[in-house]
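Notes to accompany the following structure.
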Amino acid sequence: MLRLRAFRPTNEKIVKIQVHPTHPWIVTADASDHVSVWNWEHRQVIYELKAGGVDERRLVGARLDKLAEGEADAKGKPTEAIKGGSVKQVSFYDDDVRFWQLWRNRAAAAEAPSAASHITSAFTSLAPATKGRHFLVICCENKAIFLDLVTMRGRDVPKQELDNKSLLCMEFLTRSAAGDIPLVAFGGSDGVIRVLSMMTWRLVRRYSGGHKGSISCLMTFMASSGEALLVSGGTDGLLIIWSADHGPDSGEFVPKLSLKAHDGGVVAVELSRVNGNAPRLITIGVDKTLALWDTISFKEMRRIKPVPKLACHSVASWCHPRAPNLDILTCVKDSHIWAIEHPTYSALTRPLCELSSLVPPQVLTASKKLRVYCMIAHPLQPHLVATGTNVGVIMSEFDFRSLPPAVPLPLAPGSREHSAVYVVERELKLLNFQLSNTGNASLGSNSSLSESGRSRGDTLEPLHVKQVKKHISTPVPHDSYSLLSMSSSGKYLAVVWPDIPYFSIYKVSDWSIVDSGTARLLAWDTCRDRFAILESALPLRIPVIPKGGSSRKAKEAAAAAQAAAAAASAASLASVQVRILLDDGTSNILMRSLGGRSEPVIGLHGGALLGVAYRTSRRVSPIAATAISTIQSMPLSGFGNGASSFNTFGDGFSPQRFSPEAPQNFQLYSWETFQPVGSLLPHPEWTAWDQTVEYCAFGYQQYIVIASLRPQYRYLGDVAIPYTTSAVWHRRQLFVATPTTIEVVFVDAGVALIDIETKRMKEEMRLKESQEKVVAEHGELALIAVDGPKVVMNERIALRSPMLQVVRLASFQHAPSVPPFLSLPKVPKVDGDDSAMPEERKANEIAVGGGGVSVAVTRFPSEQKRPVGPLVVVGVRDGVLWLIDRYMRAHALSLSHPGIRCRCLAAYGDAVSAVKWASRLGREHHDDLAEFMLGMGYASEALHLPGISKRLEFDLAMQGNNLKRALQCLMTMSNSRDIGQETTGLDLTNILNVASKKENMVEAVQGIAKYVTEFLNLIDAADATGQSEIAREVLKRLSAAGSVKGSLQGRELRALALRLANHGELTRLGGLVNNLISIGSGHEAAFAAAILGDNALMEKAWQETGMLAEAVLHAHAHGRPTLKNLAESWNKVLQREIEHTRAVTTDATAAFLASLQDPKLPSLGDTGKKPPIEILPPGMLTLSHPISIHKATPSANASQQEPGKLLLGAPPAAPSNATASPVDSSQTSRPPPVDPAQASAPQSDSDQSGSASADSTQTNVPLPPADSSQTSQPGGPAPVESNEMSDPSEAADLKQGSAGAAPPIDSDQPTSEAKAPELELAGPEHLVATLESSSASVTTGAELRPVAPPLVQQVQGSSVIVTRMIPMSTPLPDEFI
């Protein structure tokens, strides 16, 4: 029944063992007196020492500590040098051990019917006594070792300080009184108990006069009257009761009661908590018996021999819901853990586990058998049992997912008393519980402060619960492990006994049975009173093998094989059946066999969909692991006539979360159609569905997957909460229980595109339905509406990502601890905002607000104490979280801390109350609360929190469409209320003058530059909602800040220019251009001027900021008359850039290397002989040659000119109308066709090219192309040679030819004209090639534009770059499309 959780092999047998209640630590001592501390979760040894002898490391460390403290060497022998001797007992001691030891004693005493009224398991946490230290206490024969595991410093108390008597056992004495100091009692070899103070390290008390021999065991417990008692067992067989409820004064104490327990001596004593009765003492002795003692009359109740012929050496009280009839665990020197069933009745002993089957096979050999020497059950997690054996330490686990057989009933209207039904000893019982009005403060009221400085309404003290158990006159047929569940309406209760298997359905009103049968599993529908059961056939009876048939091993093997075959046969015959309960209480079968799969069913999960898990070894590919994303229709019961409430699955589970190793054996089915929904998924350990069917959660071993269900399925995320046992939804709150903690997950699906689309569709459907209703009532004429002034309100819906926030409510640890995933980044302090405060506050610190209202100064409360053992999460009622433990005791966890209460109210949907409760929370935590409310969709309500920072206030205002408040926040953060109000635009000089008078102007510009993105977003939001006045206010400030050099980046300035133009702020846009020119931002100024449409201003932006290349290109593109001056200025700049200026002395080597790099320069002296560079745009022959710009004069030739024709160098005219009347072909710009016979031969050299160009210019007819791939098209330029030729004479001839081919240009003649070559550029500032030659090209009156890529023609080994200039009206060649 147990499975292995952790194993640590050792060479020596483990004889002593102890576990820490809250940390995963185990301390062991082996037969050679070596002590080690082992972390069983991480499989890591924390500390080791040799306790029986002298540990050299501790001895050296003690001497170094004394030298560091300046103490001289003592004359005597140091205590670390004393040999410890045999290790008798090992234990931990810290604040957690102290608290839970006292809790165990009080909880056991409170079960007694005659217990005092003040004895309850809920009590205030003890004051810290160990100051955060974790002691490892080792009781050796010659001394006691106290070692701090935090500082690794220790203190040894030799037996000489304890009357020089050997130490055989120990026990810690703990009282709940304030100021109690930790005490430890040692049992001596002389029968005297000596008590040592761990504060003064002195002997303070003696218990004597009881035992005649040595003392072998000690234990403390509490009587039902509330008195603290100490029980001791000795080698004389006596069990003596002492009073431990005394002050710290030293003295001698005599025994209260002496009992003869065992012959030969008492080995161990243990306290057993009994449900509904006083606790009992369990003792084991050398006489191989186990005895039970009543703690009220101290009479022996029963004596048994657990294992015949073997003496028990360990005993533990045990209570686990999976084995309700087993109460005591014990061990003898064999390989089993033995369990005793109901010792007061049958006292049957059965083996709980065979440990040999848990350890790795290679550990055991044929000659070495496993033997158990010590055993202990975890005090807080009963599913964990640690054993010490001859092969190592074994930590075994026993089904931690099993829950107590209890289920809450629906709350009656108007009643504050809650009820739950549970099963115990073949009987249904009713548990009524509610908060005690006398023991608890009024939750949710403005309570005052208590004397300790804490708020009575918001304390960490456990809430007092008033509870009463009642009998129900309805027996149940079985007393084995049972599972209880309630129908969605609360009218029916289901009890399943999976080990039988059997189930019964009870009607809650009269507790009558309405249905029953054989079933191992049962699952309810969350929308209707119907359920599914795994109907199982009874297993076949195993035939009895007659005696003498074969050997014993053969019989056992045959019996096991037959049992396995019978179980497999019964499982294969099992089928999932769906039944429904009608209003009259009758049960009808809806579906006899669901699914039709052949694999055995191993799990059923209820909810809005029925989940069925199959036993299969089939593995699905990783692609199929995301099968949930392919679910197209998930019909939920109770929502439409079988219609789908889901549209589609937008996103599935993350494929990384589902390992391919995990079997995909979980199938979802519809309750309506009984058809599978989607594909196979990994089998979850539990499922939880929201009451409103809006959210669902699937629990796995290491995480929880949370998804939204409406309007469609959407994966929200997963939270890393491992080993969860159960969960309950409460609106958007998921309360989760684990074996060690209680967590709450706040969930919100956010706003996705599908939500907006669904909202729009619903509005359209609602409008359509209303129109159909109006038409049906009043006819179609009712739809006629009179046009009038309408107010259009644009609603801006912002997308919001899903939110998952986890808060730990309770744990076992004493010190407050915050999980790593709860640490949120601190909000940076905004200028002018002093809301940020340090987080280093005490957990229980309380401040007092106005009117005496207590104000919590912590973000979250300290973790409360989790109840022990497995828990049933009832849910939130009366503002507290209710839990039920294994002993059927109700517990309440407070949710009254403002940090928790505000979140719970916001998640529940009451954001107004959440804001009211925020007045009790320190203002330094309002930002965190506001972010939470923003994630929940309450941005407008979060704006009412008084302590939020301006930065967060702006975000909330933007999310809530409160743009006026967002503008006020931005002006406050940027200190820009006064900027931009005096003038529409400020240049640099004015800004500096204003800044000299008003110092805050500089800060305002810096603030605007800091929040420029927020300003731009505010403009966009104002445009989207039609609030133009807000956008203008923002534009005023951005325009003023954009005038300061370096304040805004280029991208931001361009965005500002676009928004100014969009709002028609042309005056501000023009001022912005001038200001940008004055500060040297040429690109941004030209961009703004282009938006403004002012070519002159754009040219000014390029020219005055030194970007002459862009200015020349702009002047040429727009036909500006300043083209020549700009080109001359550009050439001068280029010439200055390439002039060689030697900054350092150049030696011969450097000159030689430089000559190799530039082969055209034979020496450094020739660098100044380079010819001047002339960069000429098309239309300029030389810098000295003027550009002819003629205006049209009235003449005969001019009358024949096309109206839309442009002159060279003139600004481009507006595009002509496409529907203009056609003109004669002789008046068009396209030259007449050329006869191919008259075409000249291909050019062979550059002289021919030059003459051809000149000739073509004189005859006004372009040269016919010899090859279409190497010559230009009609209307395009002729080939132009590069100036980089091998023969200088060819270049000279070209220059002469081109110079002679430049006659005066007549604009009336559609002839080709001489044209300077165009420069090929890789960018506006990078020169690729320099052309010094010019050639003729044919141009027309249409606009010219360069077309890439250029054609390359080989002429006598020289490269000629040809740039085509084609008119805008001419179609592009195919190679350029």
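Just remember, in the structure tokens the first chain shown is A, the second B, etc., residues are 1-based per chain, and ligands are 1-based in the order shown.
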
Determine, counting only C-alpha atoms, which protein, DNA and RNA residues have an atom within 9 Å of an atom of segment 898-911 of chain A; residues of the same chain fewer than 3 positions away are not included. Present the result as an mmCIF file with all heavy atoms, in the first residue's frame.
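Result written to part-v1.cif:
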data_model
loop_
_atom_site.group_PDB
_atom_site.id
_atom_site.type_symbol
_atom_site.label_atom_id
_atom_site.label_comp_id
_atom_site.auth_asym_id
_atom_site.auth_seq_id
_atom_site.Cartn_x
_atom_site.Cartn_y
_atom_site.Cartn_z
ATOM 1 N N GLY A 444 -14.852 42.260 9.482
ATOM 2 C CA GLY A 444 -15.328 43.235 8.515
ATOM 3 C C GLY A 444 -15.779 44.540 9.118
ATOM 4 O O GLY A 444 -16.269 45.407 8.409
ATOM 5 N N ASP A 458 -8.357 41.996 12.583
ATOM 6 C CA ASP A 458 -7.414 41.548 11.552
ATOM 7 C C ASP A 458 -6.179 40.991 12.223
ATOM 8 O O ASP A 458 -5.088 41.538 12.125
ATOM 9 C CB ASP A 458 -7.056 42.723 10.642
ATOM 10 C CG ASP A 458 -6.147 42.289 9.519
ATOM 11 O OD1 ASP A 458 -6.164 41.085 9.206
ATOM 12 O OD2 ASP A 458 -5.420 43.124 8.977
ATOM 13 N N HIS A 730 -14.535 29.836 -6.100
ATOM 14 C CA HIS A 730 -15.445 30.812 -5.507
ATOM 15 C C HIS A 730 -15.377 32.063 -6.371
ATOM 16 O O HIS A 730 -14.527 32.928 -6.169
ATOM 17 C CB HIS A 730 -15.039 31.124 -4.058
ATOM 18 C CG HIS A 730 -16.008 32.022 -3.350
ATOM 19 N ND1 HIS A 730 -17.267 31.615 -2.988
ATOM 20 C CD2 HIS A 730 -15.914 33.311 -2.944
ATOM 21 C CE1 HIS A 730 -17.895 32.605 -2.381
ATOM 22 N NE2 HIS A 730 -17.089 33.650 -2.344
ATOM 23 N N ARG A 731 -16.274 32.116 -7.359
ATOM 24 C CA ARG A 731 -16.202 33.116 -8.420
ATOM 25 C C ARG A 731 -14.828 33.035 -9.082
ATOM 26 O O ARG A 731 -14.439 31.979 -9.564
ATOM 27 C CB ARG A 731 -16.499 34.520 -7.874
ATOM 28 C CG ARG A 731 -17.937 34.727 -7.478
ATOM 29 C CD ARG A 731 -18.891 34.671 -8.671
ATOM 30 N NE ARG A 731 -20.272 34.775 -8.273
ATOM 31 C CZ ARG A 731 -20.938 35.918 -8.201
ATOM 32 N NH1 ARG A 731 -20.333 37.042 -8.500
ATOM 33 N NH2 ARG A 731 -22.209 35.926 -7.845
ATOM 34 N N ARG A 732 -14.076 34.098 -9.091
ATOM 35 C CA ARG A 732 -12.763 34.085 -9.743
ATOM 36 C C ARG A 732 -11.632 33.781 -8.762
ATOM 37 O O ARG A 732 -10.499 34.198 -8.962
ATOM 38 C CB ARG A 732 -12.520 35.433 -10.428
ATOM 39 C CG ARG A 732 -13.374 35.640 -11.652
ATOM 40 C CD ARG A 732 -13.125 36.981 -12.297
ATOM 41 N NE ARG A 732 -13.655 38.079 -11.499
ATOM 42 C CZ ARG A 732 -13.562 39.365 -11.840
ATOM 43 N NH1 ARG A 732 -12.941 39.700 -12.949
ATOM 44 N NH2 ARG A 732 -14.088 40.294 -11.085
ATOM 45 N N GLN A 733 -11.927 33.014 -7.752
ATOM 46 C CA GLN A 733 -10.943 32.603 -6.763
ATOM 47 C C GLN A 733 -10.909 31.080 -6.702
ATOM 48 O O GLN A 733 -11.949 30.442 -6.579
ATOM 49 C CB GLN A 733 -11.285 33.170 -5.380
ATOM 50 C CG GLN A 733 -11.565 34.665 -5.387
ATOM 51 C CD GLN A 733 -12.328 35.105 -4.162
ATOM 52 O OE1 GLN A 733 -11.861 34.989 -3.044
ATOM 53 N NE2 GLN A 733 -13.545 35.615 -4.372
ATOM 54 N N PHE A 746 -6.072 33.910 -7.711
ATOM 55 C CA PHE A 746 -7.014 34.875 -8.276
ATOM 56 C C PHE A 746 -6.882 34.831 -9.799
ATOM 57 O O PHE A 746 -5.783 34.969 -10.334
ATOM 58 C CB PHE A 746 -6.721 36.282 -7.750
ATOM 59 C CG PHE A 746 -6.909 36.418 -6.269
ATOM 60 C CD1 PHE A 746 -5.823 36.392 -5.415
ATOM 61 C CD2 PHE A 746 -8.172 36.554 -5.715
ATOM 62 C CE1 PHE A 746 -5.976 36.512 -4.049
ATOM 63 C CE2 PHE A 746 -8.347 36.667 -4.353
ATOM 64 C CZ PHE A 746 -7.242 36.651 -3.507
ATOM 65 N N VAL A 747 -8.010 34.669 -10.471
ATOM 66 C CA VAL A 747 -8.019 34.395 -11.902
ATOM 67 C C VAL A 747 -8.896 35.415 -12.605
ATOM 68 O O VAL A 747 -9.986 35.754 -12.122
ATOM 69 C CB VAL A 747 -8.538 32.964 -12.195
ATOM 70 C CG1 VAL A 747 -8.521 32.682 -13.688
ATOM 71 C CG2 VAL A 747 -7.730 31.939 -11.435
ATOM 72 N N ASP A 748 -8.407 35.915 -13.732
ATOM 73 C CA ASP A 748 -9.242 36.724 -14.620
ATOM 74 C C ASP A 748 -8.797 36.451 -16.051
ATOM 75 O O ASP A 748 -7.591 36.419 -16.342
ATOM 76 C CB ASP A 748 -9.125 38.207 -14.316
ATOM 77 C CG ASP A 748 -10.098 39.039 -15.140
ATOM 78 O OD1 ASP A 748 -11.294 39.063 -14.787
ATOM 79 O OD2 ASP A 748 -9.675 39.647 -16.142
ATOM 80 N N VAL A 807 -1.540 33.555 -3.836
ATOM 81 C CA VAL A 807 -1.255 34.021 -2.479
ATOM 82 C C VAL A 807 -1.338 32.818 -1.554
ATOM 83 O O VAL A 807 -2.320 32.065 -1.594
ATOM 84 C CB VAL A 807 -2.238 35.121 -2.035
ATOM 85 C CG1 VAL A 807 -1.921 35.570 -0.614
ATOM 86 C CG2 VAL A 807 -2.172 36.303 -2.984
ATOM 87 N N VAL A 855 -4.953 50.152 10.424
ATOM 88 C CA VAL A 855 -4.434 50.126 9.060
ATOM 89 C C VAL A 855 -3.281 49.140 9.017
ATOM 90 O O VAL A 855 -2.302 49.287 9.746
ATOM 91 C CB VAL A 855 -3.958 51.526 8.606
ATOM 92 C CG1 VAL A 855 -3.391 51.455 7.202
ATOM 93 C CG2 VAL A 855 -5.106 52.514 8.670
ATOM 94 N N ALA A 856 -3.405 48.125 8.175
ATOM 95 C CA ALA A 856 -2.338 47.139 8.029
ATOM 96 C C ALA A 856 -1.253 47.723 7.136
ATOM 97 O O ALA A 856 -1.531 48.303 6.090
ATOM 98 C CB ALA A 856 -2.877 45.849 7.429
ATOM 99 N N THR A 858 1.301 45.841 5.983
ATOM 100 C CA THR A 858 1.912 44.751 5.227
ATOM 101 C C THR A 858 1.060 44.460 4.010
ATOM 102 O O THR A 858 -0.164 44.611 4.017
ATOM 103 C CB THR A 858 2.036 43.479 6.083
ATOM 104 O OG1 THR A 858 0.747 43.141 6.614
ATOM 105 C CG2 THR A 858 3.009 43.686 7.216
ATOM 106 N N ARG A 859 1.728 44.038 2.940
ATOM 107 C CA ARG A 859 1.030 43.751 1.691
ATOM 108 C C ARG A 859 0.099 42.566 1.848
ATOM 109 O O ARG A 859 -1.037 42.590 1.389
ATOM 110 C CB ARG A 859 2.067 43.492 0.606
ATOM 111 C CG ARG A 859 1.509 43.090 -0.735
ATOM 112 C CD ARG A 859 2.595 43.127 -1.783
ATOM 113 N NE ARG A 859 2.154 42.531 -3.038
ATOM 114 C CZ ARG A 859 2.506 41.332 -3.453
ATOM 115 N NH1 ARG A 859 3.310 40.594 -2.714
ATOM 116 N NH2 ARG A 859 2.074 40.861 -4.597
ATOM 117 N N PHE A 860 0.584 41.507 2.464
ATOM 118 C CA PHE A 860 -0.212 40.318 2.748
ATOM 119 C C PHE A 860 0.002 39.938 4.205
ATOM 120 O O PHE A 860 1.025 40.282 4.810
ATOM 121 C CB PHE A 860 0.195 39.153 1.849
ATOM 122 C CG PHE A 860 -0.167 39.328 0.407
ATOM 123 C CD1 PHE A 860 0.807 39.358 -0.573
ATOM 124 C CD2 PHE A 860 -1.488 39.471 0.031
ATOM 125 C CE1 PHE A 860 0.475 39.526 -1.906
ATOM 126 C CE2 PHE A 860 -1.836 39.646 -1.299
ATOM 127 C CZ PHE A 860 -0.852 39.670 -2.261
ATOM 128 N N PRO A 861 -0.926 39.213 4.797
ATOM 129 C CA PRO A 861 -0.727 38.790 6.187
ATOM 130 C C PRO A 861 0.301 37.672 6.278
ATOM 131 O O PRO A 861 0.662 37.035 5.285
ATOM 132 C CB PRO A 861 -2.124 38.297 6.591
ATOM 133 C CG PRO A 861 -2.734 37.820 5.309
ATOM 134 C CD PRO A 861 -2.214 38.747 4.246
ATOM 135 N N GLY A 879 -17.103 35.225 5.091
ATOM 136 C CA GLY A 879 -15.836 35.930 4.971
ATOM 137 C C GLY A 879 -14.627 35.157 5.428
ATOM 138 O O GLY A 879 -13.543 35.735 5.571
ATOM 139 N N LEU A 895 -9.786 35.710 6.303
ATOM 140 C CA LEU A 895 -9.538 36.459 5.074
ATOM 141 C C LEU A 895 -9.747 37.948 5.306
ATOM 142 O O LEU A 895 -10.054 38.702 4.377
ATOM 143 C CB LEU A 895 -10.460 35.979 3.952
ATOM 144 C CG LEU A 895 -10.386 34.500 3.583
ATOM 145 C CD1 LEU A 895 -11.427 34.161 2.515
ATOM 146 C CD2 LEU A 895 -8.997 34.122 3.093
ATOM 147 N N ALA A 914 -14.292 46.772 -2.324
ATOM 148 C CA ALA A 914 -12.839 46.588 -2.287
ATOM 149 C C ALA A 914 -12.122 47.914 -2.103
ATOM 150 O O ALA A 914 -11.149 48.006 -1.349
ATOM 151 C CB ALA A 914 -12.373 45.898 -3.568
ATOM 152 N N VAL A 915 -12.602 48.970 -2.770
ATOM 153 C CA VAL A 915 -11.990 50.291 -2.597
ATOM 154 C C VAL A 915 -12.224 50.805 -1.190
ATOM 155 O O VAL A 915 -11.346 51.437 -0.586
ATOM 156 C CB VAL A 915 -12.546 51.257 -3.661
ATOM 157 C CG1 VAL A 915 -12.052 52.672 -3.419
ATOM 158 C CG2 VAL A 915 -12.149 50.797 -5.056
ATOM 159 N N LYS A 916 -13.387 50.546 -0.623
ATOM 160 C CA LYS A 916 -13.645 50.972 0.759
ATOM 161 C C LYS A 916 -12.719 50.261 1.738
ATOM 162 O O LYS A 916 -12.194 50.875 2.666
ATOM 163 C CB LYS A 916 -15.105 50.705 1.118
ATOM 164 C CG LYS A 916 -16.099 51.566 0.342
ATOM 165 C CD LYS A 916 -17.529 51.237 0.751
ATOM 166 C CE LYS A 916 -18.529 52.098 -0.028
ATOM 167 N NZ LYS A 916 -19.938 51.776 0.347
ATOM 168 N N TRP A 917 -12.523 48.962 1.535
ATOM 169 C CA TRP A 917 -11.631 48.212 2.423
ATOM 170 C C TRP A 917 -10.183 48.656 2.274
ATOM 171 O O TRP A 917 -9.371 48.453 3.172
ATOM 172 C CB TRP A 917 -11.761 46.721 2.145
ATOM 173 C CG TRP A 917 -12.686 46.036 3.092
ATOM 174 C CD1 TRP A 917 -14.030 45.916 2.969
ATOM 175 C CD2 TRP A 917 -12.344 45.392 4.312
ATOM 176 N NE1 TRP A 917 -14.550 45.226 4.034
ATOM 177 C CE2 TRP A 917 -13.526 44.889 4.878
ATOM 178 C CE3 TRP A 917 -11.146 45.187 4.980
ATOM 179 C CZ2 TRP A 917 -13.550 44.213 6.082
ATOM 180 C CZ3 TRP A 917 -11.168 44.501 6.187
ATOM 181 C CH2 TRP A 917 -12.351 44.025 6.726
ATOM 182 N N ALA A 918 -9.839 49.251 1.121
ATOM 183 C CA ALA A 918 -8.457 49.673 0.915
ATOM 184 C C ALA A 918 -8.040 50.777 1.857
ATOM 185 O O ALA A 918 -6.841 51.034 2.018
ATOM 186 C CB ALA A 918 -8.278 50.132 -0.530
ATOM 187 N N SER A 919 -8.985 51.447 2.498
ATOM 188 C CA SER A 919 -8.607 52.470 3.481
ATOM 189 C C SER A 919 -7.905 51.872 4.679
ATOM 190 O O SER A 919 -7.221 52.590 5.422
ATOM 191 C CB SER A 919 -9.859 53.231 3.925
ATOM 192 O OG SER A 919 -10.789 52.341 4.535
ATOM 193 N N ARG A 920 -8.043 50.566 4.891
ATOM 194 C CA ARG A 920 -7.345 49.909 5.996
ATOM 195 C C ARG A 920 -5.981 49.378 5.596
ATOM 196 O O ARG A 920 -5.280 48.804 6.421
ATOM 197 C CB ARG A 920 -8.179 48.746 6.518
ATOM 198 C CG ARG A 920 -9.593 49.134 6.887
ATOM 199 C CD ARG A 920 -10.300 47.970 7.513
ATOM 200 N NE ARG A 920 -11.667 48.310 7.865
ATOM 201 C CZ ARG A 920 -12.432 47.549 8.648
ATOM 202 N NH1 ARG A 920 -11.948 46.428 9.122
ATOM 203 N NH2 ARG A 920 -13.658 47.913 8.935
ATOM 204 N N LEU A 921 -5.644 49.522 4.348
ATOM 205 C CA LEU A 921 -4.356 49.041 3.860
ATOM 206 C C LEU A 921 -3.417 50.234 3.713
ATOM 207 O O LEU A 921 -3.828 51.308 3.283
ATOM 208 C CB LEU A 921 -4.531 48.339 2.510
ATOM 209 C CG LEU A 921 -3.310 47.630 1.917
ATOM 210 C CD1 LEU A 921 -2.886 46.461 2.792
ATOM 211 C CD2 LEU A 921 -3.614 47.134 0.509
ATOM 212 N N HIS A 925 0.927 50.251 -0.351
ATOM 213 C CA HIS A 925 0.514 49.028 -1.041
ATOM 214 C C HIS A 925 -0.675 49.264 -1.967
ATOM 215 O O HIS A 925 -1.208 48.309 -2.520
ATOM 216 C CB HIS A 925 0.148 47.951 -0.024
ATOM 217 C CG HIS A 925 1.235 47.644 0.953
ATOM 218 N ND1 HIS A 925 2.442 47.116 0.575
ATOM 219 C CD2 HIS A 925 1.304 47.819 2.301
ATOM 220 C CE1 HIS A 925 3.217 46.967 1.645
ATOM 221 N NE2 HIS A 925 2.545 47.389 2.688
ATOM 222 N N LEU A 929 -2.344 46.936 -5.139
ATOM 223 C CA LEU A 929 -3.769 46.624 -5.182
ATOM 224 C C LEU A 929 -4.405 47.174 -6.449
ATOM 225 O O LEU A 929 -5.272 46.527 -7.064
ATOM 226 C CB LEU A 929 -4.464 47.191 -3.941
ATOM 227 C CG LEU A 929 -5.973 46.961 -3.835
ATOM 228 C CD1 LEU A 929 -6.294 45.477 -3.842
ATOM 229 C CD2 LEU A 929 -6.534 47.628 -2.587
ATOM 230 N N PHE A 932 -3.689 44.949 -9.304
ATOM 231 C CA PHE A 932 -4.548 43.765 -9.232
ATOM 232 C C PHE A 932 -5.947 44.082 -9.753
ATOM 233 O O PHE A 932 -6.524 43.308 -10.536
ATOM 234 C CB PHE A 932 -4.612 43.261 -7.796
ATOM 235 C CG PHE A 932 -5.568 42.120 -7.583
ATOM 236 C CD1 PHE A 932 -5.176 40.821 -7.860
ATOM 237 C CD2 PHE A 932 -6.854 42.345 -7.130
ATOM 238 C CE1 PHE A 932 -6.057 39.766 -7.692
ATOM 239 C CE2 PHE A 932 -7.736 41.300 -6.944
ATOM 240 C CZ PHE A 932 -7.331 40.008 -7.228
ATOM 241 N N MET A 933 -6.512 45.204 -9.332
ATOM 242 C CA MET A 933 -7.847 45.567 -9.797
ATOM 243 C C MET A 933 -7.841 45.861 -11.288
ATOM 244 O O MET A 933 -8.821 45.585 -11.988
ATOM 245 C CB MET A 933 -8.349 46.772 -9.005
ATOM 246 C CG MET A 933 -8.535 46.506 -7.519
ATOM 247 S SD MET A 933 -9.230 47.905 -6.624
ATOM 248 C CE MET A 933 -10.863 47.991 -7.339
ATOM 249 N N MET A 936 -8.125 42.665 -12.941
ATOM 250 C CA MET A 936 -9.474 42.133 -12.817
ATOM 251 C C MET A 936 -10.497 42.898 -13.653
ATOM 252 O O MET A 936 -11.667 42.513 -13.689
ATOM 253 C CB MET A 936 -9.896 42.147 -11.343
ATOM 254 C CG MET A 936 -9.286 41.040 -10.529
ATOM 255 S SD MET A 936 -10.030 39.457 -10.933
ATOM 256 C CE MET A 936 -8.992 38.336 -10.022
ATOM 257 N N TYR A 938 -11.131 46.388 -13.335
ATOM 258 C CA TYR A 938 -11.739 47.490 -12.591
ATOM 259 C C TYR A 938 -10.794 48.681 -12.577
ATOM 260 O O TYR A 938 -10.364 49.146 -11.517
ATOM 261 C CB TYR A 938 -12.082 47.063 -11.166
ATOM 262 C CG TYR A 938 -13.049 45.912 -11.090
ATOM 263 C CD1 TYR A 938 -12.656 44.695 -10.565
ATOM 264 C CD2 TYR A 938 -14.358 46.033 -11.544
ATOM 265 C CE1 TYR A 938 -13.541 43.623 -10.507
ATOM 266 C CE2 TYR A 938 -15.236 44.975 -11.495
ATOM 267 C CZ TYR A 938 -14.823 43.771 -10.966
ATOM 268 O OH TYR A 938 -15.699 42.727 -10.915
ATOM 269 N N GLU A 941 -12.621 51.904 -11.067
ATOM 270 C CA GLU A 941 -12.755 51.850 -9.607
ATOM 271 C C GLU A 941 -11.402 52.006 -8.922
ATOM 272 O O GLU A 941 -11.303 52.577 -7.831
ATOM 273 C CB GLU A 941 -13.411 50.541 -9.180
ATOM 274 C CG GLU A 941 -14.878 50.408 -9.545
ATOM 275 C CD GLU A 941 -15.082 50.039 -11.001
ATOM 276 O OE1 GLU A 941 -14.068 49.873 -11.720
ATOM 277 O OE2 GLU A 941 -16.251 49.888 -11.426
ATOM 278 N N ALA A 942 -10.352 51.480 -9.530
ATOM 279 C CA ALA A 942 -9.031 51.592 -8.912
ATOM 280 C C ALA A 942 -8.536 53.025 -8.866
ATOM 281 O O ALA A 942 -7.664 53.355 -8.059
ATOM 282 C CB ALA A 942 -8.025 50.717 -9.672
#

* Pick from A:Ala347, A:Pro867, A:Gly191, A:Gly750 nearest to Asp236 of chain A, counting only C-alpha atoms ->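 Looking at the shortest contact to Asp236 of chain A, the residue is A:Gly191.
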
* Please indicate the distance in Å from atom CA of Asp33 of chain A to atom CA of Ile284 of chain A, rounded to one decimal place. =>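 Spanning atom CA of Asp33 of chain A to atom CA of Ile284 of chain A is a straight-line distance of 24.3 Å.
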